[in-house]
Amino acid sequence: MFKGLKSYGSDELLAKLKGKKPFFICTIATTATARIPNITGAGLNSKLMEYTPAGDVELIVHGEVRCCDVPPQTTMDGTSTPTPAMITKGVLELTDAPYIVANAGSLIKPDVPYISINERPGEDIRTGKAVKNPKKIFENSKLIGYNISKNNDYLVIGESIPGGTTTALGVLTALGYDADFKVSGSTPKNPHNLKKDVVMEGIANAKQIGYIKYNNENKNNKNSKIDPFKVVEAVGDPMIPAVAGMVFGSEVPVILAGGTQMTAVSAFIKAIEPKFDFSNICIATTKFVVNDHTSDIFNIAEQIGEINIHVVNPYFEKTHSEGLKNYLKGYVKEGVGAGGVMLMALLLGYSIDNIRAKIEEICEN
């Protein structure tokens, strides 16, 4: 359909959305799971992880970070890569698309206007008690999705939550999906064994306190009567019920802007409504997620249902920015709705070269 876009599944929905009016929602949250050493690279160091979501949206709104002195970035072996918020900011400036920040539970509150869904951040999933009252988060978000959708043709919903692929693995695993060694990560060396150990410890503790029932030897038992809200309460994060609630509340199509974390949102949606029709929503992500040999977004999605995935390639091999070129080496990959907003720009008629040039300008500034 467009240069720089590859669709896996049907692109019928995209044809309907071409040239239509979008609205972007950036959902932020934190989880104490991100404090576990070496589990995520979504920040300069472990002490700054919890500033990343606030810093991301401050960059988008103000062009500078106000909550701390260091911009959100991924670092490893001395390599620094700019946050995907730079991509999102570039696209939003290029398209002048309307957007809003939704706080689903960020420990650090950003210095920007935002909708408050939930003020309490997620806890360490190893406790088996990760999210307080996910049903309330879900219901609050339904109202937001409904009201924003009334005056727009489609929603694009992104996320910023360090440690989110681990909590995604927790939700997918507890719901019965085989996601081991399939979720993505923000660094080239994906700590799969660590993520799995963290998840299984959380599930074991959740079983002890009666939050969830899980049979480790009976994976893919997706027809069980497990309560999806108990799953999130035990081993999830606040972003998952927040984004799912917006999907249920929306009266227009939704683009889930993210990588394997959005498959966890999709699995949560399916667990709430087993006959949910995914034809009116899709996942949009970046080439960097799809090219990640340490993960498999397609396998996870196929287990859930007929979910169309659209992949944007910004051709960063053509950029002069060394930081952006690090995306080609496996750093960052996705986040802050980067893939989804680039798809949104393509649907609005901007070329992938226009998009990349604007992102380069943002990074230079």
# chains A, B, ... in the order shown; residues from 1 in each chain; ligands from 1
call {"tool": "residues_around", "arguments": {"residues": "Arg126 (chain A)", "least_positions_apart": "2", "cutoff": "12 Å", "atoms": "only C-alpha atoms", "output": "PyMOL selection string"}}
result
chain A and resi 31-36+122-124+128-131+166-167+170+194-207+233-236
call {"tool": "residues_around", "arguments": {"residues": "Lys89 (chain A)", "least_positions_apart": "2", "cutoff": "8 Å", "atoms": "only C-alpha atoms", "output": "VMD selection string"}}
result
chain A and resid 59 to 61 85 to 87 91 to 93 359 362
call {"tool": "atom_distance", "arguments": {"atom1": "CA of Pro253 (chain A)", "atom2": "CA of Glu159 (chain A)"}}
result
17.6 Å
call {"tool": "residues_around", "arguments": {"residues": "Glu251 (chain A)", "least_positions_apart": "3", "cutoff": "10 Å", "atoms": "only C-alpha atoms", "output": "ChimeraX atom specification"}}
result
/A:145-155,246-248,254,280
call {"tool": "select_by_dssp", "arguments": {"residues": "region 107-347 of chain A", "states": "alpha helix (DSSP H)", "output": "VMD selection string"}}
result
chain A and resid 134 to 149 164 to 174 192 to 208 228 to 235 239 to 249 260 to 272 287 to 290 297 to 304 322 to 325 338 to 347
call {"tool": "residues_around", "arguments": {"residues": "Pro134 (chain A)", "least_positions_apart": "6", "cutoff": "7 Å", "atoms": "only C-alpha atoms", "output": "number ranges by chain"}}
result
A: 229, 232-233, 238, 241
call {"tool": "residues_around", "arguments": {"residues": "Glu50 (chain A)", "least_positions_apart": "4", "cutoff": "7 Å", "atoms": "only C-alpha atoms", "output": "PDB file with C-alpha atoms, in the first residue's frame"}}
result
ATOM      1  CA  THR A  30       5.635   2.139  35.482  1.00  0.00           C
ATOM      2  CA  LEU A 107       5.392   6.674  39.563  1.00  0.00           C
ATOM      3  CA  ILE A 108       6.884   9.927  38.244  1.00  0.00           C
TER       4      ILE A 108
END
call {"tool": "residues_around", "arguments": {"residues": "region 136-140 of chain A", "least_positions_apart": "4", "cutoff": "9 Å", "atoms": "only C-alpha atoms", "output": "MDAnalysis selection string"}}
result
chainID A and resid 104 117:118 132 144 238:246 248:249
call {"tool": "select_by_dssp", "arguments": {"residues": "region 134-181 of chain A", "states": "strand (DSSP E or B)", "output": "ChimeraX atom specification"}}
result
/A:154-160
call {"tool": "closest_residue", "arguments": {"among": "A:Met49, A:Ser160, A:Phe288, A:Asp111", "to": "Thr88 (chain A)", "atoms": "only C-alpha atoms"}}
result
A:Ser160
call {"tool": "closest_residue", "arguments": {"among": "A:Thr263, A:Asn103, A:Thr95, A:Asn299", "to": "Ser351 (chain A)", "atoms": "only C-alpha atoms"}}
result
A:Thr95
